[in-house]
Amino acid sequence: MTMSLLDVQDLTVAFTRRGEPDVLAVDGVSFTVEEGKIVGLVGESGCGKSVTSLAIMGLLPRRGVRLGGKALFEGTDLLQLDPGAMRDVRGRDVAMIFQDPLSSLNPVISIGLQVTEVLRRHRGLKGDAATREAAELLDRVGIPDPKRRLREYPHQLSGGMRQRALIAMAVACRPRLLIADEPTTALDVTIQAQILELLKDLVREFGTSMIMITHDLGVVAGLCDTVNVLYSGRVIEAAGRRPLFAAPRHPYTHGLLGSIPRLDADVDEALRPIRGSVRDALPWAKGCAFQPRCDRAVERCVGGAPELEDTFTGHLCRCVNPVSHEERV
Amino acid sequence: MIRFIVRRLLQLVPTMFGLSLLLFIWLHRLPGGPETSILGERATEERRAQIRASLGLDEPIWVQYGRFMRKLVAFDFGTSIQTGRPVMTEFGQRFPATLELTVTALVIAIGIGIPLGYMAARRRGSWLDNGTVMGSLLGVCVPVFFLAYVLKAIFSEYLHVFPSSGRQSDLLEATHVTGMFVLDGLITREWDAAGDALLHLVLPGIALASIPFAIIVRMTRASVLEVVGEDYVRTAEAKGLTERTVRGRHILRNALLPVATVIGLAVGGLLSGAVLTETVFAFGGIGSFLRDSIEFRDYPVLMGFIMMIALVYVLVNLAVDVSYGLIDPRVRVR
Amino acid sequence: MTLLSVQGLKVHFPIRRGVLFDRTVGHVYAVDGVDLEVPRGGTYGLVGESGCGKSTLGRALLRLSPVTAGRVVFDGVDVAALNGEALRKSRRRMQMIFQDPMSSLDPRQNVESILTEGLVAHGLGVNAAQRRTKVMETLDAVGLPRWAMSRYPHEFSGGQRQRIGIARALVLGPELIVADEPVSALDVSIQAQVINLLEELQAELGLTYLVIAHDLAVVKHISDVVGVMYLGGLVEEAPSRELYATPLHPYTRALMSAVPVPDPEVEDRRERILLRGDLPSPANPPSGCRFNTRCPWAQAKCATERPELVEVRPGHKVACHFTAEIDAGVLARN
Amino acid sequence: AESKRDNSSTSKDKTLVFGTAGEPKVLDPALATDGETYRPPRQVLETLIGNEQGSAKLVPRLAEKWDVSPDGTVWTFNLRKGVKFHDGTDFNADAVCQNFNRWFNFTGLYQNVAEYWLDTFGGFAKSESPTAPPSNFKSCAAKDSNTAVISLNKPTSRLPGAFTLPAMSIQSPKALAEYANESMSGDAKNLTYPKYALEKMVGTGPFKFVSWDRANKKITMERNDGYWGDKAKIAKLIFRAIPDENARRQALEAGEIQGYDLVAPADVPSLTSKGFDVPARPPFNILYLGMGQDNPKLADVRVRQAIAYAVDREALVKSKLPNGAKVADQFMPDSVEGYASDVKKYPHDVAKAKSLLAEAGATGVELKFYYPTEVTRPYMPNPKDIFEILKAGLEEAGIKVTPVPEKWSPTYLDDVRAGKPDLWIVGWTGDYNEGYNFVGTFFGRQKPEWSFDNVALRDALAKVDIEPSREKRIEMYKDINKQIMEFLPGVPLSSSPPSIAFAKNVKGVKPSPLTDEKFYTAEFTS
Amino acid sequence: MSRKKDRIDQLAELAGTRAETGESLWRVAFKRVRRSPTAIVGAVIIAVFLLIALLGPLFAPHDPVAQTWRGDISESMGLFPGPRSGNLLGVDSLGRDEFSRLVIGARISLLVGVLATVFGLVIGAALGIASGTAAGLGGRVGGWIDSVIMRFIDILLSVPGLLLAISLAAMIGNGLPTVMIAVGTINVPIFARLLRGSMLAQAHSDYVLASTALGVRKPRIVFSHIVPNSIAPVIVQATLTLAVAIIEAAGLSFLGLGNANSSYPEWGVMLADAQRYLSVAPRLSIFPAVAIIITALGFTLLGESMREALDPKLRR
Ligand SMILES: Nc1ncnc2c1ncn2[C@@H]1O[C@H](COP(=O)(O)OP(=O)(O)OP(=O)(O)O)[C@@H](O)[C@H]1O
Ligand SMILES: Nc1ncnc2c1ncn2[C@@H]1O[C@H](COP(=O)(O)OP(=O)(O)OP(=O)(O)O)[C@@H](O)[C@H]1O
Ligand SMILES: [Mg+2]
Ligand SMILES: [Mg+2]
Ligand code: NI
């Protein structure tokens, strides 16, 4: 068996706070990322997508966080690395792009410095060489007139440009793994299309693997090789994108697909929303977290968490009463 | 940027004008006049009237104000009633002392406050954090004159390490160039004079610094806490930058922007705090002179000094804003 | 049958700058000549990129933004010309739903007070009891439990808050509702609930909607007619089914091709029209066709002449010089 | 490089730093009246007649001998020979007369600020105030180079005492001439002291003036090696102003200064116990409780007496005033010639106070009692506590007191002078040993603060003022004192000795009742 | 009551919501404040001192004004009886019981702090509201009014506070009202700016727009939406000002402008008066100083933790 690039096993993140019960933000998440593949993490706000990625990157605060499980990156457990070693890995082997391109750039430092500091840190480039390389990077991510942009500050760039600059920083060291946390959510669709296209190109060009975090099923459908659907801190369904969209098994995934207005759907087709909101969740210990909102809920949903089971080849689902193959969207 | 500065400077004109008018009316409505102080306890009413007349204080207030403004145009604040010397001379002689003291206090407050505030924020919730916050709060709560007394009792009377009053040892005949004694000592290479002046600055500096120190510590802490949670710090961490780069370039640089503003505002507090501190430490700056001037009803000095202080204060804040603009490019384009 | 008719609406925000006194040095052409008509009981959807002036247009309709030029005829009355009390009275018939359900609700008001405020302002409902009944009916209508009345906004989930916002708009019994991105701040699963609610309410109460969104799929789903906005102006307007089937304007085409569809089959097949660059600044719009800087089919003429919005098919209007050529595929992309 | 620093070991080369409560106003003592202004001239300049160190007795200074004509109008001074001013010019009768003529010929604002000249001679050559009486000064003539003759129009009780005042110090005519054509006022509506008064002080005294560092409130003087008398035992003398009382004490304890004035009474025992030398000056002052008779209740002498009986002066002296303070029973201390031991006394007696009040039908009177804040005067170390004690006594006797605290200068002084208070506390330190300097100052002319017109008292004072015979004057003062204490315009409270403190190793400064301490006798021991 | 609660729970379940009991923002903030140890320390301190201030006469063993032990005092001999039976903390320079004076003094000191703050707050808030309203809602004229007020505030702000206080005191005479007005005046510009700033921020918020869209009249919008939502930072500031006010009042007393008016005790005056006995009876300074410091600390702690609780940025 060949080793996966990243193997996340039973990742658990709990936020502890004095005088309050722990918040289990991520509750035993496992997935793997193969070399050169794009893995999607989808789910609604607060389901633990960002926390998962931050845990892998070692960016969670040290205080008040309890970590469990493993994140094996080429065999080394990133969670066990000491902070110094982790700093060497970050930005070089594993890089990350964040959601809000404006707030993710330091407003008082020029774009140039922000790009070159990575080059300097991990590739040991200095002075002119770093600047030249930075300009090339900007050019690669499609920023016109890179020389001038290097001297500019984030607020002088448009949203799309900023995200491109962030991507340039992330890919500066040709990382093995790129984690993109909702990289296009803050952008307009036309810009989103550009960015997604760029990411696809880069991944192909550099042979980088990618974890794509998003709540937009449409983005996942067009980009990812495998998709993990998260709900309340757990993976509730995982499959290759075609099987997943063709036959979602979990009622949540199913419901989600039903509630999205589709451009290609007929105007009169009504939306079938899921009841309630994400806040109405059961603690996993007491049963299926989705149970309070689930139309297919049965007795067995309450009492204990259902297991993530392989329904048929490669399609995992955590449900005692999954949607059968026939009742598809 | 230039336009911004020019604009602010132009705005200064009506503000100063308003201040002068307000001050003038206000000061001249104080009961009593300078004649009591000039003449002493035995003066007769007649002679007091003569003094008032010769000072022009018997004229209607707008006439007096007009005269004041006419001279002010030539930057002439008149002559101190107390000392009979031009107000600007008095200011020029005394301001260096206050400047020296204020700068010392600022250096103490900033030099200790910012690192401490940073460390407190980074170890939020630790004993260092709690201790720092508590300590800084305590710093604000101790009346300056009492703090001054305690400092002197410990360091001058008991330990004899720092002098308790004055600006330089009386036994020293140092050459003075700028009026800032430490600087003078350095310029003239009279190292012992500089050292001596520095020692004299320590206690008043600490006493004066207590409040800005507390403000700076708390502001730094809050600001660092805020910046640490910002996305761009996370980005910097994600880039795998060294801790030093993250701290210096990404956290402090941003966190210190609001601190700078607070420091600018604290200058006002320092200038007025100097009144008390200079009195208690017999430190010959504008503060103690101003205090005497109120007693003396030395209108020209009061007008001149307060307006100069206000000007200094406004200019310092303008400088802070400008430097803010230099550091923060977002403000630059306006 | 037309309830709302907008003619030549312009909203320009002055850019003021100056050394001492602010002068107007330019304008942000947020909305620059928009004509549209909404029939009673219909839904008009407005899409466009961020900053193209959708919200400004929506607000201008309700006179929440100043109107620079043009007419906003609501039920025969030019709202743009109203002022003072007449304007305030007219607001009862036109309401708004905001994007961010949290920030558009006063955190210190409980739901009842939020809902009665408008009633009080317009003197609707004779007494508190009547108003209360009205409020309860409205809560029922938007699917909120009655106990919500005594709660505060922060106690609700995003979807529920948006329902409160809708209830607030509904309670006055308006005829027109402008919904500015009513679902874009909501979770995917909640969006559908709110969209359905809006549709139900329309069916029940015969409301007229102007729905603003940047999500083309949402707009298309909810609207009868969709207007595509680009940099302050409409570039295409068509019944929603027709728009999807035959987008004519290059911008609309690009937009359509960019919207991801949660279906790998569709995604894999789709051909993307990628636009160059970003939306130009509305303060400095390009000459001629506003879209010419990013248009894949742009010709020399496009940079000089601004195309009119013309009806090319029944109910389908486009503002492009080369509609026919592009549609026929004779014009090559550059 | 090193700056010059005094680290010599012998007293002769050492610098003495003395902490004062304030800075002088000017350097020319003729233009001021206050003690802080006089302190430096007392070291640098000299008067014709001096005070014996440590007392108010007149002794020869620049004049070896002086005579007055029997009618008291011609004063002849035999001047000391071989005296030189600090600028090297000779001191002689010409110099004396040039000084007197300068004062006599003051014009403009000088006429207003030359207080002591006015007080002594009543006017100038050309008085600019239309209401001013003609000057009593007639002329000064140099009979020969060592004999100066000053003639008056009529005798005055102020002389010869006034000749000891620093205001009448003889300064170098050469130095004065350098600045001769300067007027007092710089430009219109700006009071500008003449440059001379701001930067020069050239006399004959044991110290030479070196500099006045205003920014640091420091006056530096150095030994005059050409002094005619005993040369100073220290090389340099510095007066440094430290306004805060505690700061002065702390500076002394920290060793930064070697002495300071206006020691708080409470600090005396602790300083003494730490080995500091804290001598008290012989009391030469009076603190009194003033009573404004424009309040009809206070116009009744029985009410005034009741107040005198009500206040507990013994307690005041015992608990608040320094060692050596005495309860005052008349308006001059017992060391002044003319003090009468048999005046009417008003011991603390609440019952008597109450009955007097009842008799006068003044039960439940309410009086506005003004007192100054933030000030320490030699005769009044802690006005607020003094007020509290007086108030307690008055309230005990059933008099209601409305306290009105005011800043000493200018509000308190102005209000007292304007006659606003019913009761107030203020005092006087004598300028020289002459009864008129006390009682004459208080009651010699009608004042709004007292607002009474006691013709008999006024006449008696006018008479004693022009009586040339000292013996006769003394008897007259005794009568006047008795008269005053019967009339009881106010209640004399105390005479107290203000203290002055010195470091352990400083000796030789004799505390003077007139605060006329000379520092040339100061020396460092070991 | 309980029936209603039951129904709420039922409905909540129906609607798929967990029932949360109604909580206003203030309550949430209060809860957060309650969890912070500094806030508790602060609140306890304030409570204790408030209690002392209110019930002072019950605690005080002696008349704070009576110079009962004056005979025991002699400055010239350094006699200042310290703690002894009957006088827990000794007697002051006039033979009055120090403990009783401290206890009774709490009353005036707190009153000075509170009234000074209220004075500053009222005037500052009035200016701030006027200016904020003018800037936020009024057109050209509004902008003009706003500028005028802000220039005035600038002027006030540029004059050193203590000088302002000293000259104010010189104008209206010594006494408690002076101290309160002076200290209050120093704080006027702070309150005004703070309120104006947060009002401007609120004026552009969506819910104000929403109210306008509802046809609510402008004055009502200002007073029932903008002002209440802007007031939180001002209240926090007021708590902090209370601490500063007590200290500033003490500073003024030190300069001789305080409540010299009466023998009635006030900490600032007690501290100032005791300065002259620092070398002989330091306790006379230390007791009031400590009282001032602790009280000020109490307010500061509470204010700071309130600020943290209400500051959305620091919430985590
Ligand atoms: N520092 C923290 N302390 C406590 N709880 C936290 C913290 N960070 C995140 N959480 C909680 O962890 C859960 C998961 O958060 P996470 O940010 O991973 O969600 P997400 O899926 O990324 O959502 P979104 O789509 O909004 O970004 C949430 O319930 C959140 O409240
Ligand atoms: N009050 C204002 N003053 C000046 N410019 C404004 C103002 N309001 C909006 N604008 C500008 O007008 C343009 C259009 O803004 P608008 O908010 O209408 O865009 P939008 O289409 O709603 O964008 P979004 O999708 O981001 O909400 C923007 O460039 C914006 O900066
Ligand atoms: Mg996230
Ligand atoms: Mg918008
Ligand atoms: Ni529909």
# chains A, B, ... in the order shown; residues from 1 in each chain; ligands from 1
call {"tool": "interface_residues", "arguments": {"of": "chain E", "to": "chain C", "cutoff": "6 Å", "atoms": "only C-alpha atoms", "output": "list in words"}}
result
Gly22, Asp206, Tyr207, Leu214, Gly215 and Val216 of chain E
call {"tool": "residues_near_ligand", "arguments": {"ligand": "ligand 1", "cutoff": "7 Å", "atoms": "only C-alpha atoms and all ligand atoms", "output": "list in words"}}
result
Phe15, Val23, Ala25, Val26, Gly43, Glu44, Ser45, Gly46, Cys47, Gly48, Lys49, Ser50, Val51, Thr52, His215 and Gly233 of chain A; Arg316 of chain E
call {"tool": "interface_residues", "arguments": {"of": "chain B", "to": "chain C", "cutoff": "12 Å", "atoms": "only C-alpha atoms", "output": "number ranges by chain"}}
result
B: 1-14, 333-334
call {"tool": "write_last_selection", "arguments": {"atoms": "all heavy atoms", "output": "CSV table (one decimal), in the first residue's frame"}}
result
chain,number,residue,atom,x,y,z
B,1,MET,N,-0.6,63.6,1.5
B,1,MET,CA,0.0,63.8,2.9
B,1,MET,C,0.3,65.2,3.2
B,1,MET,O,-0.1,65.8,4.2
B,1,MET,CB,1.3,63.0,2.9
B,1,MET,CG,1.8,62.6,4.3
B,1,MET,SD,0.7,61.4,4.9
B,1,MET,CE,0.7,61.8,6.6
B,2,ILE,N,1.0,65.9,2.2
B,2,ILE,CA,1.3,67.3,2.4
B,2,ILE,C,-0.1,68.1,2.6
B,2,ILE,O,-0.2,68.9,3.5
B,2,ILE,CB,2.0,67.9,1.2
B,2,ILE,CG1,3.3,67.1,0.9
B,2,ILE,CG2,2.2,69.4,1.3
B,2,ILE,CD1,4.4,67.6,1.8
B,3,ARG,N,-1.0,67.7,1.8
B,3,ARG,CA,-2.3,68.4,1.9
B,3,ARG,C,-2.9,68.2,3.2
B,3,ARG,O,-3.5,69.1,3.8
B,3,ARG,CB,-3.2,67.9,0.8
B,3,ARG,CG,-4.6,68.5,0.8
B,3,ARG,CD,-5.5,68.0,-0.2
B,3,ARG,NE,-4.9,68.0,-1.5
B,3,ARG,CZ,-5.4,67.4,-2.6
B,3,ARG,NH1,-6.6,66.8,-2.4
B,3,ARG,NH2,-4.8,67.4,-3.7
B,4,PHE,N,-2.8,67.0,3.7
B,4,PHE,CA,-3.3,66.7,5.0
B,4,PHE,C,-2.7,67.5,6.1
B,4,PHE,O,-3.4,68.1,6.9
B,4,PHE,CB,-3.1,65.2,5.3
B,4,PHE,CG,-3.3,64.7,6.7
B,4,PHE,CD1,-4.6,64.6,7.1
B,4,PHE,CD2,-2.3,64.4,7.5
B,4,PHE,CE1,-4.9,64.2,8.4
B,4,PHE,CE2,-2.6,64.0,8.8
B,4,PHE,CZ,-3.9,63.9,9.3
B,5,ILE,N,-1.4,67.7,6.0
B,5,ILE,CA,-0.7,68.5,7.0
B,5,ILE,C,-1.1,69.9,6.9
B,5,ILE,O,-1.4,70.5,7.9
B,5,ILE,CB,0.9,68.3,6.8
B,5,ILE,CG1,1.3,66.9,7.0
B,5,ILE,CG2,1.6,69.3,7.8
B,5,ILE,CD1,2.8,66.7,6.8
B,6,VAL,N,-1.1,70.4,5.7
B,6,VAL,CA,-1.5,71.8,5.5
B,6,VAL,C,-2.9,72.0,6.0
B,6,VAL,O,-3.2,73.0,6.7
B,6,VAL,CB,-1.4,72.2,4.0
B,6,VAL,CG1,-2.0,73.6,3.8
B,6,VAL,CG2,0.0,72.2,3.5
B,7,ARG,N,-3.8,71.1,5.7
B,7,ARG,CA,-5.1,71.2,6.2
B,7,ARG,C,-5.2,71.3,7.7
B,7,ARG,O,-5.9,72.1,8.3
B,7,ARG,CB,-5.9,70.0,5.6
B,7,ARG,CG,-7.4,70.1,5.9
B,7,ARG,CD,-8.0,68.7,5.6
B,7,ARG,NE,-9.4,68.7,6.0
B,7,ARG,CZ,-10.4,68.7,5.2
B,7,ARG,NH1,-10.2,68.8,3.9
B,7,ARG,NH2,-11.6,68.7,5.7
B,8,ARG,N,-4.5,70.4,8.3
B,8,ARG,CA,-4.5,70.4,9.8
B,8,ARG,C,-3.9,71.7,10.3
B,8,ARG,O,-4.4,72.2,11.3
B,8,ARG,CB,-3.8,69.2,10.3
B,8,ARG,CG,-4.5,67.9,10.1
B,8,ARG,CD,-5.6,67.6,11.1
B,8,ARG,NE,-5.0,67.6,12.4
B,8,ARG,CZ,-4.7,66.4,13.0
B,8,ARG,NH1,-4.9,65.3,12.4
B,8,ARG,NH2,-4.2,66.4,14.2
B,9,LEU,N,-2.9,72.1,9.7
B,9,LEU,CA,-2.2,73.3,10.2
B,9,LEU,C,-3.2,74.5,10.0
B,9,LEU,O,-3.3,75.4,10.9
B,9,LEU,CB,-0.9,73.6,9.5
B,9,LEU,CG,0.2,72.7,9.9
B,9,LEU,CD1,1.5,72.9,9.1
B,9,LEU,CD2,0.5,72.9,11.4
B,10,LEU,N,-3.9,74.5,8.9
B,10,LEU,CA,-4.8,75.6,8.7
B,10,LEU,C,-6.0,75.6,9.7
B,10,LEU,O,-6.5,76.6,10.2
B,10,LEU,CB,-5.4,75.6,7.3
B,10,LEU,CG,-4.4,76.1,6.3
B,10,LEU,CD1,-4.9,76.0,4.9
B,10,LEU,CD2,-4.0,77.6,6.6
B,11,GLN,N,-6.4,74.3,10.0
B,11,GLN,CA,-7.5,74.2,11.0
B,11,GLN,C,-7.1,74.7,12.3
B,11,GLN,O,-7.9,75.1,13.2
B,11,GLN,CB,-7.9,72.7,11.1
B,11,GLN,CG,-8.9,72.3,10.1
B,11,GLN,CD,-9.2,70.8,10.3
B,11,GLN,OE1,-8.6,70.1,11.1
B,11,GLN,NE2,-10.2,70.3,9.5
B,12,LEU,N,-5.8,74.7,12.6
B,12,LEU,CA,-5.2,75.1,13.8
B,12,LEU,C,-5.5,76.6,14.1
B,12,LEU,O,-5.7,77.0,15.2
B,12,LEU,CB,-3.7,74.9,13.8
B,12,LEU,CG,-2.9,74.8,15.0
B,12,LEU,CD1,-3.5,73.5,15.7
B,12,LEU,CD2,-1.5,74.6,14.7
B,13,VAL,N,-5.6,77.3,13.0
B,13,VAL,CA,-5.7,78.8,13.2
B,13,VAL,C,-7.0,79.1,13.9
B,13,VAL,O,-7.0,79.8,14.9
B,13,VAL,CB,-5.6,79.5,11.8
B,13,VAL,CG1,-5.9,81.0,12.0
B,13,VAL,CG2,-4.2,79.3,11.2
B,14,PRO,N,-8.2,78.7,13.4
B,14,PRO,CA,-9.4,79.0,14.1
B,14,PRO,C,-9.4,78.4,15.6
B,14,PRO,O,-9.9,79.1,16.5
B,14,PRO,CB,-10.5,78.4,13.3
B,14,PRO,CG,-9.9,77.5,12.4
B,14,PRO,CD,-8.5,77.9,12.2
B,333,VAL,N,-3.3,57.7,1.6
B,333,VAL,CA,-4.1,58.2,0.5
B,333,VAL,C,-5.4,58.8,1.0
B,333,VAL,O,-6.3,58.1,1.3
B,333,VAL,CB,-4.4,57.1,-0.6
B,333,VAL,CG1,-3.2,56.9,-1.4
B,333,VAL,CG2,-4.8,55.8,0.1
B,334,ARG,N,-5.4,60.1,1.2
B,334,ARG,CA,-6.6,60.7,1.6
B,334,ARG,C,-6.8,62.1,1.0
B,334,ARG,O,-5.8,62.8,1.0
B,334,ARG,CB,-6.7,60.7,3.1
B,334,ARG,CG,-7.5,59.5,3.6
B,334,ARG,CD,-8.1,59.8,4.9
B,334,ARG,NE,-7.2,60.4,5.9
B,334,ARG,CZ,-7.5,60.8,7.1
B,334,ARG,NH1,-8.8,60.9,7.4
B,334,ARG,NH2,-6.6,61.3,7.9
call {"tool": "select_by_dssp", "arguments": {"residues": "segment 50-191 of chain B", "states": "helix (DSSP H, G or I)", "output": "PyMOL selection string"}}
result
chain B and resi 50-55+61-73+87-122+127-141+144-158+181-187+191
call {"tool": "write_last_selection", "arguments": {"atoms": "C-alpha atoms", "output": "CSV table (one decimal), in the first residue's frame"}}
result
chain,number,residue,atom,x,y,z
B,50,GLN,CA,-2.4,102.8,39.5
B,51,ILE,CA,-0.8,99.5,38.8
B,52,ARG,CA,-4.0,98.3,37.2
B,53,ALA,CA,-4.1,101.4,35.1
B,54,SER,CA,-0.5,101.2,34.0
B,55,LEU,CA,-1.1,97.5,33.0
B,61,ILE,CA,-11.7,93.6,27.9
B,62,TRP,CA,-12.1,93.8,24.2
B,63,VAL,CA,-9.6,96.6,24.0
B,64,GLN,CA,-7.2,94.5,26.0
B,65,TYR,CA,-7.9,91.5,23.8
B,66,GLY,CA,-7.4,93.6,20.7
B,67,ARG,CA,-4.0,94.8,22.0
B,68,PHE,CA,-3.1,91.2,22.8
B,69,MET,CA,-4.1,90.0,19.4
B,70,ARG,CA,-2.2,92.8,17.7
B,71,LYS,CA,1.0,91.8,19.4
B,72,LEU,CA,0.3,88.1,19.0
B,73,VAL,CA,0.4,88.5,15.2
B,87,VAL,CA,6.9,85.7,28.0
B,88,MET,CA,8.6,84.0,25.1
B,89,THR,CA,12.0,84.3,26.9
B,90,GLU,CA,10.4,82.7,30.0
B,91,PHE,CA,9.0,80.0,27.9
B,92,GLY,CA,12.2,79.4,26.1
B,93,GLN,CA,14.1,79.1,29.3
B,94,ARG,CA,11.7,76.8,31.0
B,95,PHE,CA,10.3,74.6,28.3
B,96,PRO,CA,13.5,72.6,27.8
B,97,ALA,CA,13.2,71.4,31.4
B,98,THR,CA,9.6,70.3,30.9
B,99,LEU,CA,10.5,68.8,27.5
B,100,GLU,CA,13.3,66.9,29.1
B,101,LEU,CA,11.1,65.6,31.8
B,102,THR,CA,8.2,64.8,29.5
B,103,VAL,CA,10.5,62.9,27.2
B,104,THR,CA,12.0,61.0,30.1
B,105,ALA,CA,8.6,60.1,31.3
B,106,LEU,CA,7.6,59.0,27.8
B,107,VAL,CA,10.7,57.0,27.4
B,108,ILE,CA,10.0,55.2,30.7
B,109,ALA,CA,6.4,54.7,29.9
B,110,ILE,CA,7.0,53.5,26.4
B,111,GLY,CA,10.2,51.6,27.1
B,112,ILE,CA,8.6,49.5,29.8
B,113,GLY,CA,5.0,49.8,28.8
B,114,ILE,CA,5.2,48.4,25.4
B,115,PRO,CA,7.3,45.3,26.1
B,116,LEU,CA,5.3,44.6,29.2
B,117,GLY,CA,2.0,45.1,27.4
B,118,TYR,CA,3.1,42.8,24.6
B,119,MET,CA,4.2,40.0,27.0
B,120,ALA,CA,1.0,40.3,29.0
B,121,ALA,CA,-1.0,39.9,25.8
B,122,ARG,CA,1.0,37.0,24.5
B,127,TRP,CA,0.3,35.6,36.3
B,128,LEU,CA,2.4,38.0,34.3
B,129,ASP,CA,-0.6,39.2,32.5
B,130,ASN,CA,-2.7,39.6,35.6
B,131,GLY,CA,0.2,41.2,37.5
B,132,THR,CA,0.8,43.6,34.7
B,133,VAL,CA,-2.8,44.6,34.3
B,134,MET,CA,-3.2,45.0,38.1
B,135,GLY,CA,0.0,46.9,38.4
B,136,SER,CA,-0.8,49.3,35.7
B,137,LEU,CA,-4.2,49.9,37.1
B,138,LEU,CA,-2.6,50.6,40.4
B,139,GLY,CA,-0.3,53.0,38.7
B,140,VAL,CA,-3.2,55.1,37.7
B,141,CYS,CA,-4.8,55.0,41.1
B,144,VAL,CA,1.1,61.6,41.8
B,145,PHE,CA,2.1,63.7,44.7
B,146,PHE,CA,1.9,60.8,47.0
B,147,LEU,CA,3.8,58.6,44.7
B,148,ALA,CA,6.4,61.3,44.4
B,149,TYR,CA,6.8,61.5,48.2
B,150,VAL,CA,7.1,57.7,48.5
B,151,LEU,CA,9.7,57.6,45.7
B,152,LYS,CA,11.7,60.3,47.3
B,153,ALA,CA,11.5,58.8,50.8
B,154,ILE,CA,12.8,55.5,49.5
B,155,PHE,CA,15.3,56.5,46.9
B,156,SER,CA,16.6,59.9,48.2
B,157,GLU,CA,16.1,59.9,51.9
B,158,TYR,CA,16.7,56.3,52.6
B,181,PHE,CA,20.8,69.3,30.8
B,182,VAL,CA,21.4,65.8,29.7
B,183,LEU,CA,21.7,66.8,26.1
B,184,ASP,CA,23.9,69.7,27.1
B,185,GLY,CA,26.2,67.4,29.0
B,186,LEU,CA,26.5,65.2,25.9
B,187,ILE,CA,27.1,68.1,23.6
B,191,TRP,CA,29.8,63.4,30.9
call {"tool": "closest_residue", "arguments": {"among": "A:Ser4, A:Ser259, A:Thr131, A:Asn321", "to": "ligand 5", "atoms": "only C-alpha atoms and all ligand atoms"}}
result
A:Ser259
call {"tool": "residues_near_ligand", "arguments": {"ligand": "ligand 4", "cutoff": "7 Å", "atoms": "only C-alpha atoms and all ligand atoms", "output": "PyMOL selection string"}}
result
chain C and resi 50-51+54-55+180
